[in-house]
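Structure data follow from entry-v5.txt (compact mmCIF, C-alpha atoms):
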# COMPACT_ATOMS: atom_id res chain seq x y z
CA MET A 1 -66.32 -27.44 62.47
CA ALA A 2 -69.87 -26.75 61.42
CA ILE A 3 -72.52 -29.10 60.10
CA THR A 4 -75.15 -27.55 57.84
CA LYS A 5 -78.23 -29.24 56.44
CA ILE A 6 -78.14 -28.52 52.72
CA ALA A 7 -81.32 -30.31 51.67
CA GLU A 8 -83.81 -32.89 52.88
CA VAL A 9 -86.33 -34.85 50.87
CA THR A 10 -89.16 -37.31 51.55
CA VAL A 11 -90.54 -39.67 48.93
CA GLY A 12 -94.22 -39.26 48.14
CA SER A 13 -96.88 -41.79 47.19
CA GLY A 14 -95.99 -43.99 44.28
CA GLY A 15 -92.31 -44.20 45.11
CA VAL A 16 -89.31 -43.14 43.03
CA ALA A 17 -86.43 -44.82 41.23
CA SER A 18 -83.81 -42.58 42.80
CA ILE A 19 -83.21 -39.60 45.03
CA ASP A 20 -81.00 -37.04 43.33
CA PHE A 21 -79.31 -34.05 44.96
CA THR A 22 -78.26 -31.57 42.27
CA SER A 23 -76.46 -28.21 42.21
CA ILE A 24 -74.53 -29.08 45.36
CA PRO A 25 -72.54 -25.99 46.39
CA GLY A 26 -68.77 -26.42 46.50
CA THR A 27 -68.39 -24.29 49.60
CA TYR A 28 -68.09 -27.03 52.22
CA THR A 29 -65.14 -29.23 53.15
CA ASP A 30 -66.98 -32.59 53.23
CA LEU A 31 -70.42 -33.99 52.47
CA MET A 32 -72.51 -36.45 54.42
CA VAL A 33 -75.71 -38.14 53.24
CA VAL A 34 -78.02 -39.78 55.76
CA PHE A 35 -80.99 -41.83 54.62
CA GLY A 36 -83.88 -43.99 55.78
CA ILE A 37 -85.26 -46.01 52.87
CA ARG A 38 -87.72 -48.82 52.24
CA SER A 39 -87.55 -50.54 48.86
CA GLY A 40 -90.09 -52.44 46.81
CA ARG A 41 -87.75 -55.41 46.45
CA ALA A 42 -89.37 -58.67 47.60
CA ASN A 43 -86.65 -59.40 50.12
CA HIS A 44 -85.77 -58.45 53.69
CA SER A 45 -83.37 -55.83 52.33
CA ASP A 46 -82.13 -54.15 49.18
CA GLU A 47 -78.74 -52.64 48.43
CA VAL A 48 -78.68 -48.87 48.08
CA ASP A 49 -76.01 -47.59 45.71
CA ILE A 50 -74.68 -44.07 45.22
CA LYS A 51 -73.32 -42.38 42.12
CA PHE A 52 -71.71 -39.00 41.64
CA ASN A 53 -72.35 -36.50 38.85
CA GLY A 54 -74.69 -38.98 37.18
CA VAL A 55 -72.09 -41.59 36.26
CA THR A 56 -71.37 -45.12 37.46
CA THR A 57 -67.87 -45.37 35.98
CA ASN A 58 -64.51 -45.34 37.78
CA LEU A 59 -66.07 -46.63 40.99
CA SER A 60 -64.54 -49.30 43.21
CA GLY A 61 -64.60 -50.36 46.81
CA ARG A 62 -64.27 -52.98 49.53
CA TYR A 63 -67.12 -54.18 51.67
CA LEU A 64 -67.76 -56.16 54.82
CA SER A 65 -71.30 -57.46 55.19
CA GLY A 66 -73.48 -59.81 57.16
CA ASP A 67 -77.16 -60.70 57.16
CA GLY A 68 -77.67 -62.91 60.19
CA ALA A 69 -77.06 -66.05 58.15
CA SER A 70 -73.66 -65.44 56.61
CA ALA A 71 -70.86 -62.90 56.43
CA GLY A 72 -69.07 -61.67 53.35
CA SER A 73 -66.32 -59.41 52.13
CA GLY A 74 -64.86 -58.49 48.79
CA SER A 75 -64.25 -55.90 46.10
CA VAL A 76 -66.88 -54.41 43.82
CA PRO A 77 -66.89 -51.96 40.88
CA VAL A 78 -69.85 -50.02 42.27
CA ALA A 79 -70.49 -47.74 45.24
CA PHE A 80 -72.53 -49.20 48.07
CA ALA A 81 -74.28 -46.65 50.27
CA GLY A 82 -75.93 -49.16 52.59
CA TYR A 83 -79.16 -51.12 52.74
CA SER A 84 -82.81 -50.29 52.58
CA ALA A 85 -85.50 -52.42 54.14
CA GLY A 86 -87.14 -54.65 51.54
CA SER A 87 -90.84 -55.24 51.13
CA THR A 88 -90.79 -58.40 53.28
CA ALA A 89 -89.02 -56.65 56.18
CA THR A 90 -91.01 -55.78 59.28
CA ALA A 91 -93.84 -53.44 58.28
CA ASN A 92 -93.17 -49.72 58.49
CA THR A 93 -89.42 -50.13 59.00
CA PHE A 94 -86.84 -48.30 56.95
CA GLY A 95 -83.25 -49.31 56.42
CA ASN A 96 -80.82 -46.60 57.35
CA GLY A 97 -77.34 -45.58 56.37
CA GLN A 98 -74.92 -42.79 55.80
CA VAL A 99 -72.18 -41.90 53.35
CA TYR A 100 -69.30 -39.56 54.20
CA ILE A 101 -67.42 -37.91 51.34
CA PRO A 102 -64.36 -35.86 52.33
CA ASN A 103 -62.90 -33.19 50.02
CA TYR A 104 -65.74 -33.63 47.54
CA SER A 105 -64.97 -30.46 45.60
CA GLY A 106 -61.23 -30.97 45.25
CA ALA A 107 -59.33 -31.95 42.12
CA THR A 108 -58.18 -35.32 43.43
CA ALA A 109 -59.84 -38.76 43.38
CA LYS A 110 -62.74 -38.97 45.82
CA SER A 111 -62.63 -41.54 48.60
CA PHE A 112 -65.72 -42.12 50.71
CA SER A 113 -67.07 -44.43 53.38
CA ALA A 114 -70.54 -45.83 53.95
CA GLU A 115 -72.41 -47.92 56.44
CA GLY A 116 -75.97 -49.09 56.74
CA THR A 117 -78.41 -51.69 57.93
CA GLY A 118 -81.60 -53.06 56.47
CA GLU A 119 -83.63 -53.08 59.71
CA ASN A 120 -85.80 -56.15 60.15
CA ASN A 121 -87.28 -57.65 63.30
CA ALA A 122 -86.23 -61.16 62.30
CA THR A 123 -83.14 -63.31 62.00
CA ASN A 124 -82.11 -61.92 58.62
CA SER A 125 -81.16 -58.25 58.68
CA SER A 126 -78.40 -57.02 56.42
CA ARG A 127 -75.52 -54.91 57.65
CA LEU A 128 -72.74 -53.33 55.62
CA ILE A 129 -69.64 -51.18 55.90
CA PHE A 130 -67.94 -49.96 52.77
CA ALA A 131 -64.77 -48.12 51.76
CA GLY A 132 -65.10 -46.65 48.28
CA LEU A 133 -63.28 -44.65 45.66
CA TRP A 134 -64.59 -42.58 42.76
CA ASN A 135 -61.47 -42.17 40.67
CA SER A 136 -62.33 -38.79 39.20
CA THR A 137 -60.83 -35.32 39.58
CA ALA A 138 -64.16 -33.65 38.93
CA ALA A 139 -65.80 -31.79 41.78
CA ILE A 140 -68.93 -33.54 42.98
CA THR A 141 -71.91 -31.34 42.11
CA SER A 142 -74.64 -33.97 42.24
CA LEU A 143 -75.21 -37.36 43.81
CA SER A 144 -77.90 -39.99 43.51
CA LEU A 145 -79.12 -42.80 45.74
CA TYR A 146 -80.75 -45.68 43.88
CA SER A 147 -81.72 -49.32 44.27
CA ASP A 148 -79.06 -51.77 43.15
CA SER A 149 -81.82 -54.04 41.85
CA ALA A 150 -83.81 -51.33 40.03
CA ASN A 151 -86.62 -51.36 42.56
CA THR A 152 -88.34 -48.20 43.76
CA PHE A 153 -87.91 -46.35 47.02
CA GLN A 154 -91.23 -46.40 48.84
CA GLN A 155 -93.29 -43.56 50.26
CA TYR A 156 -91.88 -41.84 53.37
CA SER A 157 -88.31 -42.82 52.54
CA THR A 158 -86.07 -39.88 53.35
CA ALA A 159 -82.60 -38.59 52.57
CA THR A 160 -80.75 -35.60 53.97
CA LEU A 161 -77.57 -34.00 52.64
CA TYR A 162 -75.26 -32.20 55.05
CA GLY A 163 -72.24 -29.99 54.42
CA ILE A 164 -69.33 -30.21 56.84
CA GLN A 165 -67.15 -27.12 57.21
CA LYS A 166 -63.60 -27.58 58.45
CA GLY A 167 -62.69 -26.33 61.89
CA SER A 168 -63.15 -27.51 65.47
CA LEU A 169 -66.31 -27.94 67.51
CA ALA A 170 -66.71 -29.72 70.85
CA GLY A 171 -63.36 -31.43 70.47
CA VAL A 172 -64.04 -32.71 66.95
CA THR A 173 -61.82 -31.32 64.21
CA VAL A 174 -62.32 -31.48 60.45
CA SER A 175 -59.33 -30.27 58.45
CA MET B 176 -101.42 -48.18 30.95
CA SER B 177 -97.83 -48.74 32.00
CA GLU B 178 -96.47 -47.42 35.27
CA ILE B 179 -94.57 -44.17 35.08
CA ILE B 180 -91.26 -44.45 36.92
CA THR B 181 -89.90 -41.23 38.31
CA ARG B 182 -86.86 -39.92 40.09
CA LEU B 183 -86.97 -37.38 42.92
CA GLU B 184 -84.66 -34.45 42.33
CA VAL B 185 -83.86 -31.78 44.88
CA ASN B 186 -82.00 -28.72 43.68
CA CYS B 187 -79.64 -27.75 46.50
CA ALA B 188 -79.26 -24.21 45.16
CA THR B 189 -82.96 -23.39 45.03
CA GLY B 190 -84.44 -25.95 47.42
CA GLU B 191 -86.91 -26.96 44.71
CA THR B 192 -87.97 -30.61 44.71
CA VAL B 193 -89.52 -32.19 41.63
CA GLU B 194 -90.47 -35.69 40.49
CA ILE B 195 -89.22 -36.28 36.97
CA PRO B 196 -90.27 -39.24 34.79
CA LEU B 197 -87.30 -41.33 33.66
CA THR B 198 -86.39 -40.92 30.02
CA ALA B 199 -86.35 -43.92 27.68
CA GLU B 200 -82.55 -43.92 27.91
CA GLU B 201 -82.65 -43.85 31.70
CA LEU B 202 -85.10 -46.74 31.77
CA VAL B 203 -82.86 -48.83 29.53
CA GLN B 204 -79.81 -47.93 31.64
CA ARG B 205 -81.71 -48.80 34.83
CA GLU B 206 -82.55 -52.25 33.53
CA ALA B 207 -78.97 -52.78 32.36
CA ASP B 208 -77.63 -51.70 35.76
CA ALA B 209 -80.01 -54.08 37.51
CA ALA B 210 -78.97 -56.97 35.28
CA ALA B 211 -75.30 -56.21 35.91
CA ALA B 212 -75.99 -55.98 39.64
CA LEU B 213 -77.55 -59.44 39.60
CA VAL B 214 -74.49 -60.88 37.89
CA ALA B 215 -72.17 -59.07 40.28
CA GLN B 216 -74.14 -60.27 43.28
CA ALA B 217 -73.96 -63.88 42.07
CA GLU B 218 -70.20 -63.51 41.58
CA ARG B 219 -69.78 -62.07 45.08
CA GLU B 220 -71.82 -64.85 46.65
CA SER B 221 -69.88 -67.45 44.70
CA ALA B 222 -66.54 -65.98 45.80
CA GLU B 223 -67.71 -65.79 49.41
CA ALA B 224 -68.94 -69.42 49.30
CA GLU B 225 -65.65 -70.55 47.79
CA ALA B 226 -63.68 -68.72 50.49
CA ALA B 227 -65.85 -70.30 53.18
CA ALA B 228 -65.31 -73.76 51.68
CA VAL B 229 -61.55 -73.27 51.56
CA LYS B 230 -61.56 -72.13 55.17
CA ALA B 231 -63.63 -75.14 56.25
CA SER B 232 -61.24 -77.43 54.41
CA ALA B 233 -58.25 -75.81 56.10
CA VAL B 234 -59.88 -76.16 59.52
CA ALA B 235 -60.61 -79.84 58.85
CA LYS B 236 -56.99 -80.46 57.87
CA LEU B 237 -55.71 -78.71 60.98
CA ALA B 238 -58.05 -80.81 63.10
CA ALA B 239 -56.77 -83.94 61.36
CA LEU B 240 -53.27 -82.93 62.42
CA GLY B 241 -54.43 -83.00 66.02
CA LEU B 242 -55.15 -79.33 66.76
CA ASP B 243 -58.14 -78.72 69.02
CA GLU B 244 -60.74 -75.97 68.41
CA ALA B 245 -58.97 -73.40 70.58
CA GLU B 246 -55.69 -73.97 68.77
CA VAL B 247 -57.34 -73.67 65.37
CA ALA B 248 -59.10 -70.47 66.48
CA ALA B 249 -55.78 -69.07 67.70
CA LEU B 250 -54.34 -69.64 64.25
CA ILE B 251 -57.12 -68.41 62.02
CA GLY B 252 -59.34 -66.35 64.29

Show me the file's structure as structure tokens.
Amino acid sequence: MAITKIAEVTVGSGGVASIDFTSIPGTYTDLMVVFGIRSGRANHSDEVDIKFNGVTTNLSGRYLSGDGASAGSGSVPVAFAGYSAGSTATANTFGNGQVYIPNYSGATAKSFSAEGTGENNATNSSRLIFAGLWNSTAAITSLSLYSDSANTFQQYSTATLYGIQKGSLAGVTVS
Amino acid sequence: MSEIITRLEVNCATGETVEIPLTAEELVQREADAAAALVAQAERESAEAEAAAVKASAVAKLAALGLDEAEVAALIG
């Protein structure tokens, strides 16, 4: 198994609506996206969604969530990637999360998993785990992270895309 | 002057990173997605509240039958 950093990006001043990785090579076995994001949403957190190849169709998933006040679970027709910190979260904190996408370049439907937390030094801090499906046989060549509520990702937010190559390393096997 | 909303694109083949202003179509789609997300969020919260209310009702009925807290927890977790 080998993990290779494909690309890394940091948001500049002014913020952006989304972070888009394009022209993803099909040479790896799996993909993993790791992010640290702060959103402009006036809340302690903001949902970060992911879409593949620029479309939001044929997506579904199950989530488990909690925010310090209540817990939830259910099905959704979108793809959660995790949470960002919102603008009322503790200053200078960034929500973090990761999405793992096995067999992203194959000709079968793409399952994926995600987890993330909003990070907030207060009672309310959102936490999420998600099992998703993009029901498409197309190889994933691009992916985008964006705010569920159409807010912007703030300066110094980061995202990194890794490629996972099958094989064994230190007792961990990807096949 | 209105704010220019951009997206940050990194080309994994070249490593080039560019900020690209959203097109008019993308702006409209973004607003539509956000509106749909609000509706979906309200539906999720409603479903979760309904499930919590049903659970509370079930717990109350079990208690009325004489089960103590430990016995109720053993049944429903």

Within 7 Å of chain B, which residues of chain A are there when counting all atoms listed in the file? Please give them as a CSV table (one decimal) with C-alpha atoms, in the coordinates of the input.
chain,number,residue,atom,x,y,z
A,6,ILE,CA,-78.1,-28.5,52.7
A,7,ALA,CA,-81.3,-30.3,51.7
A,16,VAL,CA,-89.3,-43.1,43.0
A,17,ALA,CA,-86.4,-44.8,41.2
A,18,SER,CA,-83.8,-42.6,42.8
A,19,ILE,CA,-83.2,-39.6,45.0
A,20,ASP,CA,-81.0,-37.0,43.3
A,21,PHE,CA,-79.3,-34.0,45.0
A,22,THR,CA,-78.3,-31.6,42.3
A,23,SER,CA,-76.5,-28.2,42.2
A,24,ILE,CA,-74.5,-29.1,45.4
A,72,GLY,CA,-69.1,-61.7,53.4
A,148,ASP,CA,-79.1,-51.8,43.2
A,149,SER,CA,-81.8,-54.0,41.8
A,150,ALA,CA,-83.8,-51.3,40.0

Judged by all atoms listed in the file, the minimum distance to Val55 of chain A among A:Trp134, A:Ser147, A:Asp67, A:Gly167 is found for A:Trp134

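Residues of protein, DNA or RNA having at least one counted atom within 12 Å of (-54.3, -69.0, 63.5), given all atoms listed in the file, are B:Lys230, B:Ala233, B:Val234, B:Leu237, B:Leu242, B:Asp243, B:Glu244, B:Ala245, B:Glu246, B:Val247, B:Ala248, B:Ala249, B:Leu250, B:Ile251, B:Gly252.
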
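Of the residues under consideration (A:Tyr83, A:Tyr63, A:Phe94, A:Tyr100), A:Tyr100 shows the shortest atom-to-atom contact distance to Leu161 of chain A when counting only C-alpha atoms.
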
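Omitting Gly40 of chain A and its sequence neighbours fewer than 4 positions away, and counting only C-alpha atoms, the residues within 9 Å are Gly15, Asp46, Ala85, Gly86, Ser87, Thr88, Asn151, Thr152, Phe153 and Gln154 of chain A.
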
Å distance separating atom CA of Gly26 of chain A from atom CA of Asn135 of chain A, one decimal place | 18.3 Å

Quick one: everything within 7 Å of Asn120 of chain A, counting all atoms listed in the file, minus sequence neighbours fewer than 5 positions away in the same chain. Send it as a ChimeraX atom specification.
-> /A:44,89-90,125

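Pairwise distance (atom CA of Ala131 of chain A, atom CA of Ile3 of chain A) equals 22.2 Å.
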
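For the pair atom CA of Asn53 of chain A and atom CA of Gly82 of chain A, the interatomic distance is 19.0 Å.
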
Identify, on the basis of only C-alpha atoms, every residue whose closest approach to Val9 of chain A does not exceed 7 Å; exclude the query and any residue fewer than 2 positions from it along the same chain; express the result as a VMD selection string.
-> chain A and resid 7 11 158 to 160

So, counting all atoms listed in the file, which residue among A:Phe35, A:Tyr162, A:Phe52, A:Tyr104 is closest to Ala139 of chain A?
-> A:Tyr104
